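Shown here: work_12.cif, mmCIF, C-alpha atoms and all ligand atoms.
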```cif
data_protein
#
loop_
_atom_site.label_atom_id
_atom_site.label_comp_id
_atom_site.auth_asym_id
_atom_site.auth_seq_id
_atom_site.Cartn_x
_atom_site.Cartn_y
_atom_site.Cartn_z
CA MET G 71 4.33 20.75 -4.41
CA ILE G 72 1.64 18.09 -4.66
CA GLU G 73 0.17 16.96 -1.38
CA SER G 74 -0.38 13.22 -0.96
CA LEU G 75 -3.14 13.40 1.65
CA TYR G 76 -3.38 9.60 1.97
CA LEU G 77 0.02 9.45 3.69
CA ASN G 78 -1.29 11.06 6.87
CA ASP G 79 -4.94 9.99 6.70
CA SER G 80 -5.68 6.76 4.87
CA TYR G 81 -9.41 7.09 5.72
CA LEU G 82 -9.98 10.31 3.77
CA LYS G 83 -12.66 9.65 1.11
CA SER G 84 -13.53 13.06 -0.32
CA TRP G 85 -11.64 16.34 -0.71
CA THR G 86 -11.39 19.44 -2.86
CA ALA G 87 -8.47 20.23 -5.13
CA LYS G 88 -7.26 22.35 -7.99
CA VAL G 89 -6.20 21.03 -11.39
CA VAL G 90 -2.48 21.81 -11.78
CA SER G 91 -2.02 20.41 -15.28
CA VAL G 92 -3.79 18.48 -18.03
CA LYS G 93 -1.95 16.44 -20.66
CA ASP G 94 -3.61 15.05 -23.80
CA GLY G 95 -6.97 15.94 -22.26
CA LYS G 96 -7.11 12.91 -19.99
CA PHE G 97 -4.03 12.93 -17.77
CA ILE G 98 -4.63 15.13 -14.74
CA VAL G 99 -2.37 16.36 -11.96
CA LEU G 100 -4.09 17.78 -8.85
CA ASP G 101 -2.51 19.94 -6.14
CA LYS G 102 -3.88 17.61 -3.43
CA THR G 103 -4.66 13.96 -3.89
CA VAL G 104 -5.95 10.95 -2.05
CA PHE G 105 -5.73 8.72 -5.16
CA TYR G 106 -2.89 6.33 -4.39
CA PRO G 107 -0.61 5.75 -7.41
CA ASN G 108 0.19 2.20 -8.51
CA SER G 109 3.43 1.45 -6.64
CA GLY G 110 5.14 -0.86 -4.18
CA GLY G 111 2.76 -3.73 -4.96
CA GLN G 112 -0.35 -1.72 -4.01
CA PRO G 113 -2.66 -1.08 -7.01
CA TRP G 114 -3.93 2.39 -7.90
CA ASP G 115 -7.05 3.99 -6.50
CA GLU G 116 -10.12 4.74 -8.56
CA GLY G 117 -12.97 7.19 -8.03
CA TYR G 118 -14.27 10.47 -9.44
CA ILE G 119 -13.19 14.03 -10.07
CA VAL G 120 -16.29 16.25 -10.08
CA LYS G 121 -16.48 19.65 -11.78
CA ASN G 122 -19.76 21.60 -11.55
CA GLY G 123 -21.66 18.36 -11.03
CA GLU G 124 -20.04 16.60 -13.98
CA LYS G 125 -18.25 13.39 -13.04
CA PHE G 126 -14.96 12.28 -14.55
CA ARG G 127 -14.10 8.72 -13.65
CA VAL G 128 -10.50 8.12 -12.51
CA VAL G 129 -9.46 4.84 -14.16
CA TYR G 130 -5.75 4.84 -13.28
CA ALA G 131 -3.30 6.65 -11.01
CA GLY G 132 0.44 6.41 -11.52
CA LYS G 133 3.57 8.24 -10.44
CA PHE G 134 5.55 9.84 -13.26
CA SER G 135 8.58 12.09 -12.66
CA GLY G 136 7.57 12.29 -9.01
CA LYS G 137 4.04 13.50 -9.78
CA ILE G 138 0.81 11.58 -9.31
CA SER G 139 -0.94 11.54 -12.68
CA LEU G 140 -4.61 10.57 -12.87
CA GLU G 141 -6.12 9.15 -16.03
CA VAL G 142 -9.80 10.05 -16.45
CA ASN G 143 -12.35 8.51 -18.82
CA LYS G 144 -13.13 11.67 -20.82
CA VAL G 145 -11.84 15.12 -21.68
CA GLY G 146 -13.26 18.32 -20.17
CA LEU G 147 -11.02 19.17 -17.23
CA ASN G 148 -8.79 22.22 -17.56
CA GLU G 149 -5.82 23.70 -15.74
CA GLY G 150 -6.99 25.87 -12.84
CA ASP G 151 -10.36 24.08 -12.38
CA GLU G 152 -11.59 23.83 -8.80
CA VAL G 153 -12.88 20.30 -8.35
CA SER G 154 -14.16 17.94 -5.70
CA CYS G 155 -12.96 14.35 -5.58
CA GLU G 156 -14.41 11.08 -4.35
CA LEU G 157 -12.49 7.91 -3.69
CA ASP G 158 -13.85 4.47 -4.61
CA TRP G 159 -13.67 3.57 -0.95
CA GLU G 160 -14.68 -0.07 -1.21
CA ARG G 161 -11.77 -0.81 -3.55
CA ARG G 162 -9.26 1.21 -1.50
CA TYR G 163 -10.36 -0.18 1.87
CA THR G 164 -10.02 -3.75 0.57
CA LEU G 165 -6.48 -2.93 -0.63
CA MET G 166 -5.64 -1.38 2.77
CA ARG G 167 -6.78 -4.56 4.53
CA HIS G 168 -4.66 -6.66 2.16
CA HIS G 169 -1.63 -4.39 2.57
CA THR G 170 -1.63 -4.55 6.37
CA ALA G 171 -2.19 -8.32 6.20
CA ALA G 172 0.86 -8.65 3.92
CA HIS G 173 3.04 -6.70 6.41
CA LEU G 174 1.87 -8.90 9.27
CA LEU G 175 2.57 -12.09 7.30
CA SER G 176 6.01 -10.92 6.20
CA ALA G 177 6.89 -10.10 9.84
CA ILE G 178 5.91 -13.60 10.98
CA ILE G 179 7.67 -15.30 8.05
CA TYR G 180 10.84 -13.37 8.88
CA LYS G 181 10.60 -13.97 12.65
CA ASN G 182 10.00 -17.73 12.35
CA PHE G 183 12.01 -18.67 9.28
CA HIS G 184 14.32 -15.72 8.59
CA ALA G 185 12.86 -15.74 5.10
CA LYS G 186 12.82 -12.47 3.19
CA ILE G 187 9.95 -11.27 1.03
CA THR G 188 11.21 -10.80 -2.53
CA GLY G 189 8.04 -9.45 -4.10
CA ASN G 190 4.36 -8.91 -3.59
CA GLN G 191 1.28 -7.91 -5.52
CA LEU G 192 -1.83 -6.89 -3.63
CA GLY G 193 -5.25 -7.32 -5.18
CA VAL G 194 -8.90 -6.80 -4.31
CA ASN G 195 -9.73 -10.51 -4.52
CA ARG G 196 -6.43 -12.09 -3.55
CA SER G 197 -2.85 -11.05 -2.89
CA ARG G 198 0.42 -12.69 -3.75
CA MET G 199 3.68 -12.82 -1.80
CA ASP G 200 7.02 -14.21 -2.96
CA PHE G 201 9.73 -15.16 -0.52
CA SER G 202 12.94 -17.14 -0.44
CA MET G 203 12.80 -19.96 2.06
CA LYS G 204 14.67 -23.22 2.51
CA ASP G 205 12.89 -26.30 3.87
CA TYR G 206 9.52 -24.97 2.92
CA SER G 207 6.36 -26.88 3.72
CA ILE G 208 2.67 -26.11 3.42
CA GLU G 209 2.35 -26.84 7.15
CA LYS G 210 4.76 -24.00 7.92
CA MET G 211 2.64 -21.66 5.84
CA ARG G 212 -0.59 -22.82 7.53
CA ALA G 213 1.05 -22.22 10.93
CA THR G 214 2.09 -18.73 9.76
CA ILE G 215 -1.47 -17.87 8.73
CA ASP G 216 -2.83 -19.22 12.05
CA GLU G 217 -0.35 -17.10 13.97
CA ALA G 218 -1.30 -14.03 11.94
CA ASN G 219 -5.00 -14.62 12.63
CA GLN G 220 -4.28 -14.92 16.37
CA ILE G 221 -2.42 -11.60 16.33
CA ILE G 222 -5.32 -10.00 14.42
CA GLU G 223 -7.62 -11.08 17.27
CA LYS G 224 -5.53 -8.89 19.60
CA ASP G 225 -6.56 -5.91 17.42
CA LEU G 226 -3.16 -4.19 17.68
CA PRO G 227 -3.01 -0.57 16.49
CA VAL G 228 -1.33 0.31 13.19
CA SER G 229 0.37 3.70 12.90
CA SER G 230 2.86 5.56 10.76
CA TYR G 231 5.60 8.06 11.55
CA TYR G 232 8.62 9.64 9.89
CA ILE G 233 12.28 9.32 10.72
CA SER G 234 15.24 11.09 9.19
CA ARG G 235 17.72 9.35 6.95
CA GLU G 236 20.31 9.62 9.76
CA GLU G 237 17.97 7.92 12.25
CA ALA G 238 17.24 5.15 9.76
CA LEU G 239 20.97 4.52 9.40
CA GLN G 240 21.12 3.89 13.17
CA LYS G 241 18.44 1.21 13.04
CA ALA G 242 19.96 -2.10 11.99
CA GLU G 243 16.89 -3.32 10.11
CA LEU G 244 16.54 -0.06 8.17
CA THR G 245 20.19 0.65 7.41
CA HIS G 246 20.21 -1.32 4.19
CA LEU G 247 17.13 0.47 2.97
CA ALA G 248 18.36 3.91 3.98
CA LYS G 249 21.63 3.41 2.12
CA GLY G 250 19.74 2.50 -1.03
CA LEU G 251 17.65 5.67 -1.07
CA PRO G 252 18.50 8.60 -3.33
CA GLU G 253 20.41 11.40 -1.58
CA ASP G 254 17.49 13.83 -1.81
CA VAL G 255 15.21 11.59 0.26
CA LYS G 256 15.56 13.11 3.73
CA GLU G 257 12.68 11.43 5.51
CA ILE G 258 11.47 7.86 5.60
CA ARG G 259 7.92 6.86 6.48
CA ILE G 260 7.64 3.89 8.80
CA VAL G 261 4.48 1.81 9.22
CA LYS G 262 4.26 0.12 12.61
CA ILE G 263 1.98 -2.73 13.69
CA GLY G 264 1.84 -2.78 17.50
CA ASP G 265 5.05 -4.37 18.74
CA VAL G 266 5.26 -6.94 15.94
CA ASP G 267 6.44 -5.05 12.88
CA GLU G 268 8.03 -1.88 11.53
CA GLN G 269 8.63 -1.37 7.82
CA ALA G 270 9.55 1.54 5.61
CA ASP G 271 6.45 2.01 3.47
CA ALA G 272 4.48 4.60 1.50
CA GLY G 273 1.24 2.63 1.21
CA THR G 274 -2.13 2.86 2.92
CA HIS G 275 -3.07 0.74 5.93
CA VAL G 276 -5.96 0.06 8.30
CA LYS G 277 -5.76 1.53 11.82
CA HIS G 278 -6.62 -1.61 13.77
CA LEU G 279 -5.71 -5.20 12.93
CA LYS G 280 -9.26 -6.52 13.31
CA GLU G 281 -10.25 -4.54 10.24
CA ILE G 282 -8.28 -7.09 8.19
CA GLY G 283 -10.78 -9.85 8.99
CA LYS G 284 -9.51 -13.39 8.70
CA ILE G 285 -6.61 -14.38 6.43
CA GLU G 286 -7.14 -17.51 4.36
CA LEU G 287 -4.35 -19.37 2.55
CA LEU G 288 -5.41 -20.01 -1.05
CA LYS G 289 -2.42 -21.81 -2.54
CA THR G 290 1.35 -21.95 -2.70
CA ASP G 291 3.64 -22.47 -5.68
CA ASN G 292 7.23 -23.44 -6.17
CA LYS G 293 9.02 -20.79 -8.24
CA GLY G 294 12.42 -22.45 -8.40
CA LYS G 295 15.07 -23.24 -5.79
CA ASN G 296 14.04 -21.76 -2.45
CA ASN G 297 11.60 -19.42 -4.16
CA ARG G 298 8.03 -19.73 -2.98
CA ARG G 299 4.87 -17.97 -3.94
CA MET G 300 1.84 -17.77 -1.71
CA TYR G 301 -1.69 -16.47 -2.39
CA PHE G 302 -4.08 -15.37 0.31
CA CYS G 303 -7.53 -13.85 0.51
CA LEU G 304 -9.41 -12.12 3.32
CA ASN G 305 -12.74 -13.03 4.84
CA GLU G 306 -14.92 -10.63 6.81
ZN ZN C 401 3.96 -2.24 2.38
#
```
Would you put the structure from the file into structure tokens?
Amino acid sequence: MIESLYLNDSYLKSWTAKVVSVKDGKFIVLDKTVFYPNSGGQPWDEGYIVKNGEKFRVVYAGKFSGKISLEVNKVGLNEGDEVSCELDWERRYTLMRHHTAAHLLSAIIYKNFHAKITGNQLGVNRSRMDFSMKDYSIEKMRATIDEANQIIEKDLPVSSYYISREEALQKAELTHLAKGLPEDVKEIRIVKIGDVDEQADAGTHVKHLKEIGKIELLKTDNKGKNNRRMYFCLNE
């Protein structure tokens, strides 16, 4: 069983672990990890695995057959090694701020326009959100960003908790999601922003909305009938 420490503490930056397996010299599985694997629109974490003072740079983290596999820049790690790990915190924290901002924006877009998010890709410089929306206008999007920035000023808390599959089936907004999950998924992690949003999510988030900073609309694109694409960045 591999422990994904980031699920319960997204602020953890260093930890010790044991190398469970090594494939082709450079693909490492640890028993405990804080390196978030590329998934759900949130890019992978980077950082270092350190063995006896020697640093191995983690250049990619992905999930394969349910295991988080870390690609390092050189060979030298072996099964059974006791290592210490360091997260590239600046990169991760920026992605956390973008992820929470994306949840807040999707909640407002849904509340005001009943528009559903169809895709998203977070980034360290800018993030992208796709949604289907009739009668779109740039003014509506500007108003959405303004509303989000006002909510950020309230500094609402962000938290996560788990509910069972059965509980999720009772909640109207989660029923669809719960039904789509494989049978062996017994628990669903929910990320909650104050009283404005709850979403099933396995990503990493900030604890307080003010950490996001200020959301700035960069541009919007038309991606076909009712399909819109929006780019935003964050300012301190
Ligand atoms: Zn999310």
In terms of the shortest atom-to-atom distance over only C-alpha atoms, which of G:Lys121, G:Lys137, G:Lys289, G:Lys186 is closest to Met211 (chain G)?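 Closest residue, counting only C-alpha atoms: G:Lys289.
Remark: for Asn219 (chain G), the closest of the candidate residues G:Gly193, G:Gly110, G:Gly283, G:Gly95 is G:Gly283 (distances computed over only C-alpha atoms).
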Could you give me, as number ranges by chain, the residues that sit within 12 Å of (-3.5, 16.5, -13.1) in the file's coordinates, counting only C-alpha atoms? G: 72, 87-103, 105, 119, 128, 130-134, 137-142, 147-153
Residues within 10 Å of ligand ZN 401 (chain C), counting all atoms listed in the file: report them as number ranges by chain. G: 109-112, 166, 168-174, 176, 190, 192, 260-261, 269-275
Identify which of the residues G:Ile222, G:Leu77, G:Leu157, G:Val129 lies closest to Lys144 (chain G), counting only C-alpha atoms when measuring atom-to-atom distances. G:Val129
For CA of Arg198 (chain G) and CA of Glu286 (chain G), determine how far apart the two atoms are, in Å to one decimal place. 12.1 Å
So what do you get for CA of Met300 (chain G) versus CA of Met199 (chain G), distance-wise? 5.3 Å
Expected residue set, 10 Å radius at (12.6, -19.1, 1.8), all atoms listed in the file, as an NGL selection string: :G and (179-180 or 183-188 or 200-206 or 295-299)
So how many Å separate CA of Lys262 (chain G) and CA of Gln240 (chain G), to one decimal?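 If I compute the distance from CA of Lys262 (chain G) to CA of Gln240 (chain G), I get 17.3 Å.
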Could you give me, as a VMD selection string, the residues within 10 Å of Lys280 (chain G), counting all atoms listed in the file and dropping anything in the same chain fewer than 6 positions from it? chain G and resid 167 219 221 to 227 306
Please give the centre and size of the box around region 199-206 of chain G (axis-aligned, containing every atom listed in the file, 8 Å added per side), with values in Å to one decimal and written as AutoDock Vina command-line options.
```
--center_x 9.2 --center_y -19.6 --center_z 0.5 --size_x 27.0 --size_y 29.5 --size_z 22.8
```
Given only C-alpha atoms as the basis, pick out the residue of G:Glu209, G:Glu73, G:Asp216, G:Asp267 nearest to Ile285 (chain G). G:Asp216
Counting all atoms listed in the file, figure out which residue out of G:Arg161, G:Ile258, G:Leu82, G:Arg212 gets nearest to Tyr232 (chain G).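 Closest to Tyr232 (chain G) of all the choices is G:Ile258.
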Find the residue from G:Val255, G:Ser230, G:Phe126, G:Leu175 that sits nearest to Asn78 (chain G); use all atoms listed in the file when measuring.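 Result for the nearest residue to Asn78 (chain G): G:Ser230.
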